[in-house]
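Student: What follows is the file data05.pdb, containing PDB, C-alpha atoms and all ligand atoms:
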ATOM      1  CA  MET A  83     -40.372 -21.572 -58.336
ATOM      2  CA  LYS A  84     -41.341 -20.322 -61.805
ATOM      3  CA  HIS A  85     -41.978 -16.629 -61.152
ATOM      4  CA  ARG A  86     -40.578 -13.885 -58.972
ATOM      5  CA  ILE A  87     -41.766 -10.324 -58.487
ATOM      6  CA  GLY A  88     -39.654  -7.256 -57.732
ATOM      7  CA  PHE A  89     -40.436  -3.717 -56.647
ATOM      8  CA  GLY A  90     -38.260  -0.614 -56.851
ATOM      9  CA  TYR A  91     -38.443   3.046 -55.875
ATOM     10  CA  ASP A  92     -36.150   6.033 -56.341
ATOM     11  CA  ILE A  93     -36.239   9.815 -56.027
ATOM     12  CA  HIS A  94     -33.769  12.518 -57.100
ATOM     13  CA  ARG A  95     -33.691  16.281 -56.662
ATOM     14  CA  LEU A  96     -34.272  18.549 -59.670
ATOM     15  CA  VAL A  97     -31.528  21.161 -59.994
ATOM     16  CA  LYS A  98     -30.327  23.693 -62.525
ATOM     17  CA  ARG A  99     -27.392  23.034 -64.869
ATOM     18  CA  ARG A 100     -28.066  19.321 -65.198
ATOM     19  CA  LYS A 101     -29.433  17.363 -68.164
ATOM     20  CA  LEU A 102     -32.618  15.419 -67.522
ATOM     21  CA  PHE A 103     -32.573  11.721 -68.430
ATOM     22  CA  LEU A 104     -35.540   9.405 -67.952
ATOM     23  CA  GLY A 105     -35.315   5.818 -69.132
ATOM     24  CA  GLY A 106     -32.155   6.606 -71.083
ATOM     25  CA  VAL A 107     -33.863   9.381 -73.065
ATOM     26  CA  GLN A 108     -32.740  12.995 -72.762
ATOM     27  CA  ILE A 109     -35.734  15.199 -71.954
ATOM     28  CA  SER A 110     -35.885  18.860 -72.894
ATOM     29  CA  TYR A 111     -36.276  20.723 -69.570
ATOM     30  CA  PRO A 112     -34.400  23.599 -67.879
ATOM     31  CA  LYS A 113     -33.446  21.399 -64.923
ATOM     32  CA  GLY A 114     -32.010  17.921 -64.459
ATOM     33  CA  LEU A 115     -31.712  15.364 -61.679
ATOM     34  CA  LEU A 116     -28.926  15.588 -59.146
ATOM     35  CA  GLY A 117     -26.914  12.459 -58.461
ATOM     36  CA  HIS A 118     -24.059  10.313 -59.618
ATOM     37  CA  SER A 119     -23.750   9.744 -63.358
ATOM     38  CA  ASP A 120     -26.975  10.760 -65.120
ATOM     39  CA  ALA A 121     -29.264  10.274 -62.046
ATOM     40  CA  ASP A 122     -31.835   8.483 -64.224
ATOM     41  CA  VAL A 123     -34.454   7.938 -61.529
ATOM     42  CA  LEU A 124     -36.615   5.699 -63.720
ATOM     43  CA  ILE A 125     -33.769   3.305 -64.509
ATOM     44  CA  HIS A 126     -32.603   3.253 -60.890
ATOM     45  CA  ALA A 127     -36.100   2.208 -59.731
ATOM     46  CA  LEU A 128     -36.188  -0.418 -62.474
ATOM     47  CA  CYS A 129     -32.751  -1.830 -61.556
ATOM     48  CA  ASP A 130     -33.854  -2.063 -57.914
ATOM     49  CA  ALA A 131     -37.002  -3.928 -58.955
ATOM     50  CA  LEU A 132     -34.975  -6.385 -61.072
ATOM     51  CA  LEU A 133     -32.420  -6.970 -58.301
ATOM     52  CA  GLY A 134     -35.183  -7.165 -55.700
ATOM     53  CA  ALA A 135     -37.003  -9.892 -57.631
ATOM     54  CA  LEU A 136     -34.020 -12.178 -57.036
ATOM     55  CA  SER A 137     -33.260 -10.866 -53.523
ATOM     56  CA  LEU A 138     -29.947  -9.487 -54.776
ATOM     57  CA  GLY A 139     -30.022  -6.283 -52.753
ATOM     58  CA  ASP A 140     -30.161  -2.885 -54.434
ATOM     59  CA  ILE A 141     -28.367  -0.829 -57.034
ATOM     60  CA  GLY A 142     -26.203   0.932 -54.416
ATOM     61  CA  GLU A 143     -24.904  -2.383 -53.089
ATOM     62  CA  TYR A 144     -24.477  -3.970 -56.481
ATOM     63  CA  PHE A 145     -22.923  -1.020 -58.288
ATOM     64  CA  PRO A 146     -21.398   1.127 -55.512
ATOM     65  CA  ASP A 147     -20.387   4.570 -56.654
ATOM     66  CA  SER A 148     -17.248   4.171 -54.524
ATOM     67  CA  ASP A 149     -16.156   1.546 -57.078
ATOM     68  CA  PRO A 150     -14.329   3.403 -59.893
ATOM     69  CA  ARG A 151     -15.819   0.973 -62.444
ATOM     70  CA  TYR A 152     -19.281   2.398 -61.784
ATOM     71  CA  HIS A 153     -18.406   6.043 -61.319
ATOM     72  CA  ASN A 154     -20.178   8.137 -63.958
ATOM     73  CA  ILE A 155     -21.389   5.055 -65.796
ATOM     74  CA  PRO A 156     -24.620   5.804 -67.739
ATOM     75  CA  SER A 157     -27.653   4.301 -66.022
ATOM     76  CA  THR A 158     -28.525   2.344 -69.184
ATOM     77  CA  GLU A 159     -25.213   0.489 -68.709
ATOM     78  CA  LEU A 160     -26.227  -0.419 -65.148
ATOM     79  CA  LEU A 161     -29.546  -1.687 -66.507
ATOM     80  CA  LYS A 162     -27.718  -3.824 -69.099
ATOM     81  CA  LYS A 163     -25.465  -5.255 -66.383
ATOM     82  CA  THR A 164     -28.466  -5.961 -64.165
ATOM     83  CA  VAL A 165     -30.359  -7.871 -66.844
ATOM     84  CA  ALA A 166     -27.190  -9.772 -67.827
ATOM     85  CA  LEU A 167     -26.926 -10.889 -64.204
ATOM     86  CA  LEU A 168     -30.536 -12.120 -64.285
ATOM     87  CA  ARG A 169     -29.923 -14.043 -67.525
ATOM     88  CA  ARG A 170     -26.828 -15.720 -66.086
ATOM     89  CA  LYS A 171     -29.077 -16.964 -63.295
ATOM     90  CA  ASN A 172     -31.595 -18.151 -65.946
ATOM     91  CA  TRP A 173     -34.288 -15.579 -65.155
ATOM     92  CA  PHE A 174     -36.087 -13.549 -67.811
ATOM     93  CA  ILE A 175     -38.424 -10.555 -67.771
ATOM     94  CA  SER A 176     -42.135 -11.306 -68.171
ATOM     95  CA  ASN A 177     -43.253  -7.687 -67.926
ATOM     96  CA  ILE A 178     -42.444  -4.340 -66.354
ATOM     97  CA  ASP A 179     -44.745  -1.592 -65.084
ATOM     98  CA  ILE A 180     -43.222   1.796 -64.256
ATOM     99  CA  VAL A 181     -44.678   4.978 -62.756
ATOM    100  CA  VAL A 182     -42.838   8.298 -62.931
ATOM    101  CA  ILE A 183     -44.110  11.054 -60.638
ATOM    102  CA  ALA A 184     -43.168  14.508 -61.890
ATOM    103  CA  GLU A 185     -45.049  17.790 -61.787
ATOM    104  CA  GLU A 186     -43.048  18.800 -64.864
ATOM    105  CA  PRO A 187     -42.157  18.050 -67.607
ATOM    106  CA  LYS A 188     -45.047  16.164 -69.171
ATOM    107  CA  LEU A 189     -43.993  12.586 -69.826
ATOM    108  CA  LEU A 190     -46.545  11.737 -72.485
ATOM    109  CA  PRO A 191     -44.651  13.238 -75.461
ATOM    110  CA  TYR A 192     -41.635  11.059 -74.521
ATOM    111  CA  ARG A 193     -43.468   7.916 -73.464
ATOM    112  CA  GLU A 194     -43.009   5.932 -76.682
ATOM    113  CA  ARG A 195     -39.322   6.844 -76.918
ATOM    114  CA  ILE A 196     -38.695   5.869 -73.297
ATOM    115  CA  ILE A 197     -40.500   2.536 -73.743
ATOM    116  CA  LYS A 198     -38.428   1.870 -76.894
ATOM    117  CA  SER A 199     -35.237   2.778 -75.042
ATOM    118  CA  ILE A 200     -35.973   0.454 -72.110
ATOM    119  CA  ALA A 201     -37.150  -2.413 -74.335
ATOM    120  CA  SER A 202     -34.057  -2.193 -76.536
ATOM    121  CA  THR A 203     -31.685  -1.906 -73.556
ATOM    122  CA  LEU A 204     -33.277  -5.020 -72.024
ATOM    123  CA  LYS A 205     -33.719  -6.760 -75.416
ATOM    124  CA  ILE A 206     -37.408  -7.421 -74.764
ATOM    125  CA  LYS A 207     -40.539  -6.529 -76.742
ATOM    126  CA  GLU A 208     -41.989  -3.060 -76.226
ATOM    127  CA  GLY A 209     -45.318  -4.667 -75.323
ATOM    128  CA  PHE A 210     -43.727  -5.971 -72.119
ATOM    129  CA  VAL A 211     -42.921  -2.452 -70.892
ATOM    130  CA  SER A 212     -45.590  -0.157 -69.445
ATOM    131  CA  LEU A 213     -44.923   3.446 -68.436
ATOM    132  CA  LYS A 214     -47.256   5.889 -66.738
ATOM    133  CA  GLY A 215     -46.608   9.519 -65.870
ATOM    134  CA  LYS A 216     -48.335  11.101 -62.860
ATOM    135  CA  THR A 217     -48.173  14.505 -61.219
ATOM    136  CA  ASN A 218     -48.233  14.957 -57.450
ATOM    137  CA  GLU A 219     -51.141  17.411 -57.599
ATOM    138  CA  GLY A 220     -48.844  20.228 -56.472
ATOM    139  CA  LEU A 221     -48.181  18.514 -53.148
ATOM    140  CA  GLY A 222     -44.832  18.130 -51.397
ATOM    141  CA  PRO A 223     -41.377  18.450 -52.968
ATOM    142  CA  ILE A 224     -42.409  16.625 -56.152
ATOM    143  CA  GLY A 225     -45.440  18.872 -56.524
ATOM    144  CA  LYS A 226     -43.177  21.912 -56.016
ATOM    145  CA  LYS A 227     -40.942  20.687 -58.885
ATOM    146  CA  GLN A 228     -38.023  20.024 -56.552
ATOM    147  CA  ALA A 229     -37.791  16.287 -57.305
ATOM    148  CA  ILE A 230     -38.877  13.435 -59.569
ATOM    149  CA  ALA A 231     -39.679   9.976 -58.205
ATOM    150  CA  SER A 232     -40.257   6.626 -59.860
ATOM    151  CA  TYR A 233     -41.720   3.256 -58.909
ATOM    152  CA  ALA A 234     -41.217   0.046 -60.880
ATOM    153  CA  VAL A 235     -42.581  -3.452 -60.568
ATOM    154  CA  VAL A 236     -41.272  -6.416 -62.564
ATOM    155  CA  LEU A 237     -42.293 -10.025 -63.012
ATOM    156  CA  LEU A 238     -39.592 -12.542 -63.896
ATOM    157  CA  HIS A 239     -39.945 -16.087 -65.177
ATOM    158  CA  ARG A 240     -37.388 -18.853 -65.070
ATOM    159  CA  GLY A 241     -35.925 -20.027 -68.370
ATOM    160  CA  VAL A 242     -36.610 -23.575 -69.526
TER     161      VAL A 242
HETATM  162 ZN    ZN A 301     -31.059   6.989 -58.143
END
Here is a file; write its structure as structure tokens.
Ligand code: ZN
Tutor:
Amino acid sequence: MKHRIGFGYDIHRLVKRRKLFLGGVQISYPKGLLGHSDADVLIHALCDALLGALSLGDIGEYFPDSDPRYHNIPSTELLKKTVALLRRKNWFISNIDIVVIAEEPKLLPYRERIIKSIASTLKIKEGFVSLKGKTNEGLGPIGKKQAIASYAVVLLHRGV
């Protein structure tokens, strides 16, 4: 098999007195995401997509928070570990497409920085990373600014 596809999803609550990180970039916003470490919902969805492409389970199984090695580790470090695992198995990223669903803040002003951050963390070209921001049209907990969700799809190819 030459290619494998992976899909990931994550959601975190927005709460006061937390910093907001998306794709390893700190976003200026009065609230942040609740969760272990930096609760970077975008990176968690992306890690799940990468692990899913190789049927390796999910981020919670691979990097359990009960393991002191992974407690409070920045999400970008989990992403680096995930891609290192793929490379050891001789799989490489063809491209990534990510959707972030947030009523606020607007993602567009940060889009280039987030793409740069992800591409440099994964050591791939920026042209292989796509990022789209959507609102939830005011509907449900995301629409009421209580949470941010993210979906990610990845295509991997086998090394020669
Ligand atoms: Zn998460």
Student: Using only C-alpha atoms and all ligand atoms, find each residue with an atom at most 7 Å away from ligand ZN 301 (chain A) and format the answer as a compact mmCIF listing (two decimals) with C-alpha atoms, in the coordinates of the input.
Tutor:
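Written output follows (out-v8.txt):
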# COMPACT_ATOMS: atom_id res chain seq x y z
CA ASP A 92 -36.15 6.03 -56.34
CA ILE A 93 -36.24 9.82 -56.03
CA HIS A 94 -33.77 12.52 -57.10
CA GLY A 117 -26.91 12.46 -58.46
CA ALA A 121 -29.26 10.27 -62.05
CA ASP A 122 -31.84 8.48 -64.22
CA VAL A 123 -34.45 7.94 -61.53
CA HIS A 126 -32.60 3.25 -60.89
Student: Please work out which residues fall within 10 Å of (-29.2, -7.8, -64.5), coordinates as given in the file, with all atoms listed in the file counting, and return them as a PyMOL selection string.
Tutor: chain A and resi 129-130+132-133+136+138+160-171+173-174+204
Student: Nearest residue to Gly90 in chain A out of A:Gly139, A:Gly134, A:Pro112, A:Gly106, using all atoms listed in the file?
Tutor: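 The answer is A:Gly134, which sits nearest to Gly90 in chain A.
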Student: Report as a ChimeraX atom specification all protein, DNA and RNA residues lying within 12 Å of Phe210 in chain A, evaluated on all atoms listed in the file, omitting residues in the same chain fewer than 4 positions from it.
Tutor: /A:174-180,197-198,200-202,204-206,235-238
Student: If you measure from CA of Ser137 in chain A to CA of Met83 in chain A, what distance in Å do you get, rounded to one decimal?
Tutor: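 Computing the Euclidean distance for CA of Ser137 in chain A and CA of Met83 in chain A yields 13.7 Å.
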Student: At what distance in Å, to one decimal, does CA of Glu208 in chain A lie from CA of Lys113 in chain A?
Tutor: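 Interatomic distance, CA of Lys113 in chain A to CA of Glu208 in chain A: 28.3 Å.
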Student: When the PyMOL selection byres (((chain A and resi 183-190) around 7) and not hetatm) is applied to the structure above, which residues does it catch, written out as a PDB file with C-alpha atoms, keeping the file's coordinate frame?
Tutor:
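Written file, selection-v1.pdb:
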ATOM      1  CA  TYR A 111     -36.276  20.723 -69.570  1.00  0.00           C
ATOM      2  CA  VAL A 181     -44.678   4.978 -62.756  1.00  0.00           C
ATOM      3  CA  VAL A 182     -42.838   8.298 -62.931  1.00  0.00           C
ATOM      4  CA  PRO A 191     -44.651  13.238 -75.461  1.00  0.00           C
ATOM      5  CA  TYR A 192     -41.635  11.059 -74.521  1.00  0.00           C
ATOM      6  CA  ARG A 193     -43.468   7.916 -73.464  1.00  0.00           C
ATOM      7  CA  GLY A 215     -46.608   9.519 -65.870  1.00  0.00           C
ATOM      8  CA  LYS A 216     -48.335  11.101 -62.860  1.00  0.00           C
ATOM      9  CA  THR A 217     -48.173  14.505 -61.219  1.00  0.00           C
ATOM     10  CA  ASN A 218     -48.233  14.957 -57.450  1.00  0.00           C
ATOM     11  CA  GLY A 220     -48.844  20.228 -56.472  1.00  0.00           C
ATOM     12  CA  ILE A 224     -42.409  16.625 -56.152  1.00  0.00           C
ATOM     13  CA  GLY A 225     -45.440  18.872 -56.524  1.00  0.00           C
ATOM     14  CA  LYS A 227     -40.942  20.687 -58.885  1.00  0.00           C
ATOM     15  CA  ILE A 230     -38.877  13.435 -59.569  1.00  0.00           C
ATOM     16  CA  ALA A 231     -39.679   9.976 -58.205  1.00  0.00           C
ATOM     17  CA  SER A 232     -40.257   6.626 -59.860  1.00  0.00           C
TER      18      SER A 232
END
Student: Residues around (-25.7, 12.4, -59.0), cut-off 12 Å, counting all atoms listed in the file - what are they as number ranges by chain?
Tutor: A: 93-97, 100-103, 114-123, 126, 147, 153-157
Student: If I take CA of Arg86 in chain A and CA of Asp140 in chain A, how far is one from the other in Å, to one decimal?
Tutor: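 Those two atoms sit 15.8 Å apart.
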Student: Between A:Ala131, A:Leu124, A:Ile196, A:Leu213, single out the one closest to Val107 in chain A, counting only C-alpha atoms.
Tutor: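 Using only C-alpha atoms, the shortest distance to Val107 in chain A belongs to A:Ile196.
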Student: Name the closest residue to Thr203 in chain A among the candidates A:Ile125, A:Leu221, A:Gly241, A:Glu143; distances are taken between atoms, counting all atoms listed in the file.
Tutor: A:Ile125
Student: Please produce range 139-150 of chain A, completed to N, CA, C and O atoms, as a PDB file, in the coordinates of the input.
Tutor:
ATOM      1  N   GLY A 139     -30.365  -7.574 -53.341  1.00  0.00           N
ATOM      2  CA  GLY A 139     -30.022  -6.283 -52.753  1.00  0.00           C
ATOM      3  C   GLY A 139     -30.479  -5.148 -53.635  1.00  0.00           C
ATOM      4  O   GLY A 139     -31.467  -5.272 -54.360  1.00  0.00           O
ATOM      5  N   ASP A 140     -29.740  -4.022 -53.615  1.00  0.00           N
ATOM      6  CA  ASP A 140     -30.161  -2.885 -54.434  1.00  0.00           C
ATOM      7  C   ASP A 140     -28.995  -2.352 -55.251  1.00  0.00           C
ATOM      8  O   ASP A 140     -27.861  -2.816 -55.142  1.00  0.00           O
ATOM      9  N   ILE A 141     -29.314  -1.364 -56.061  1.00  0.00           N
ATOM     10  CA  ILE A 141     -28.367  -0.829 -57.034  1.00  0.00           C
ATOM     11  C   ILE A 141     -27.121  -0.262 -56.338  1.00  0.00           C
ATOM     12  O   ILE A 141     -26.009  -0.398 -56.841  1.00  0.00           O
ATOM     13  N   GLY A 142     -27.323   0.347 -55.153  1.00  0.00           N
ATOM     14  CA  GLY A 142     -26.203   0.932 -54.416  1.00  0.00           C
ATOM     15  C   GLY A 142     -25.231  -0.131 -53.908  1.00  0.00           C
ATOM     16  O   GLY A 142     -24.027   0.093 -53.851  1.00  0.00           O
ATOM     17  N   GLU A 143     -25.762  -1.289 -53.539  1.00  0.00           N
ATOM     18  CA  GLU A 143     -24.904  -2.383 -53.089  1.00  0.00           C
ATOM     19  C   GLU A 143     -24.210  -3.051 -54.259  1.00  0.00           C
ATOM     20  O   GLU A 143     -23.059  -3.436 -54.189  1.00  0.00           O
ATOM     21  N   TYR A 144     -24.999  -3.215 -55.355  1.00  0.00           N
ATOM     22  CA  TYR A 144     -24.477  -3.970 -56.481  1.00  0.00           C
ATOM     23  C   TYR A 144     -23.488  -3.173 -57.311  1.00  0.00           C
ATOM     24  O   TYR A 144     -22.514  -3.709 -57.826  1.00  0.00           O
ATOM     25  N   PHE A 145     -23.782  -1.886 -57.477  1.00  0.00           N
ATOM     26  CA  PHE A 145     -22.923  -1.020 -58.288  1.00  0.00           C
ATOM     27  C   PHE A 145     -22.522   0.188 -57.444  1.00  0.00           C
ATOM     28  O   PHE A 145     -22.933   1.307 -57.738  1.00  0.00           O
ATOM     29  N   PRO A 146     -21.717  -0.003 -56.401  1.00  0.00           N
ATOM     30  CA  PRO A 146     -21.398   1.127 -55.512  1.00  0.00           C
ATOM     31  C   PRO A 146     -20.638   2.222 -56.254  1.00  0.00           C
ATOM     32  O   PRO A 146     -19.743   1.939 -57.049  1.00  0.00           O
ATOM     33  N   ASP A 147     -21.038   3.442 -56.000  1.00  0.00           N
ATOM     34  CA  ASP A 147     -20.387   4.570 -56.654  1.00  0.00           C
ATOM     35  C   ASP A 147     -18.949   4.735 -56.175  1.00  0.00           C
ATOM     36  O   ASP A 147     -18.136   5.385 -56.820  1.00  0.00           O
ATOM     37  N   SER A 148     -18.625   4.127 -55.014  1.00  0.00           N
ATOM     38  CA  SER A 148     -17.248   4.171 -54.524  1.00  0.00           C
ATOM     39  C   SER A 148     -16.328   3.310 -55.389  1.00  0.00           C
ATOM     40  O   SER A 148     -15.112   3.458 -55.365  1.00  0.00           O
ATOM     41  N   ASP A 149     -16.926   2.393 -56.174  1.00  0.00           N
ATOM     42  CA  ASP A 149     -16.156   1.546 -57.078  1.00  0.00           C
ATOM     43  C   ASP A 149     -15.903   2.324 -58.373  1.00  0.00           C
ATOM     44  O   ASP A 149     -16.854   2.710 -59.055  1.00  0.00           O
ATOM     45  N   PRO A 150     -14.621   2.580 -58.706  1.00  0.00           N
ATOM     46  CA  PRO A 150     -14.329   3.403 -59.893  1.00  0.00           C
ATOM     47  C   PRO A 150     -14.936   2.855 -61.189  1.00  0.00           C
ATOM     48  O   PRO A 150     -15.197   3.612 -62.117  1.00  0.00           O
TER      49      PRO A 150
END
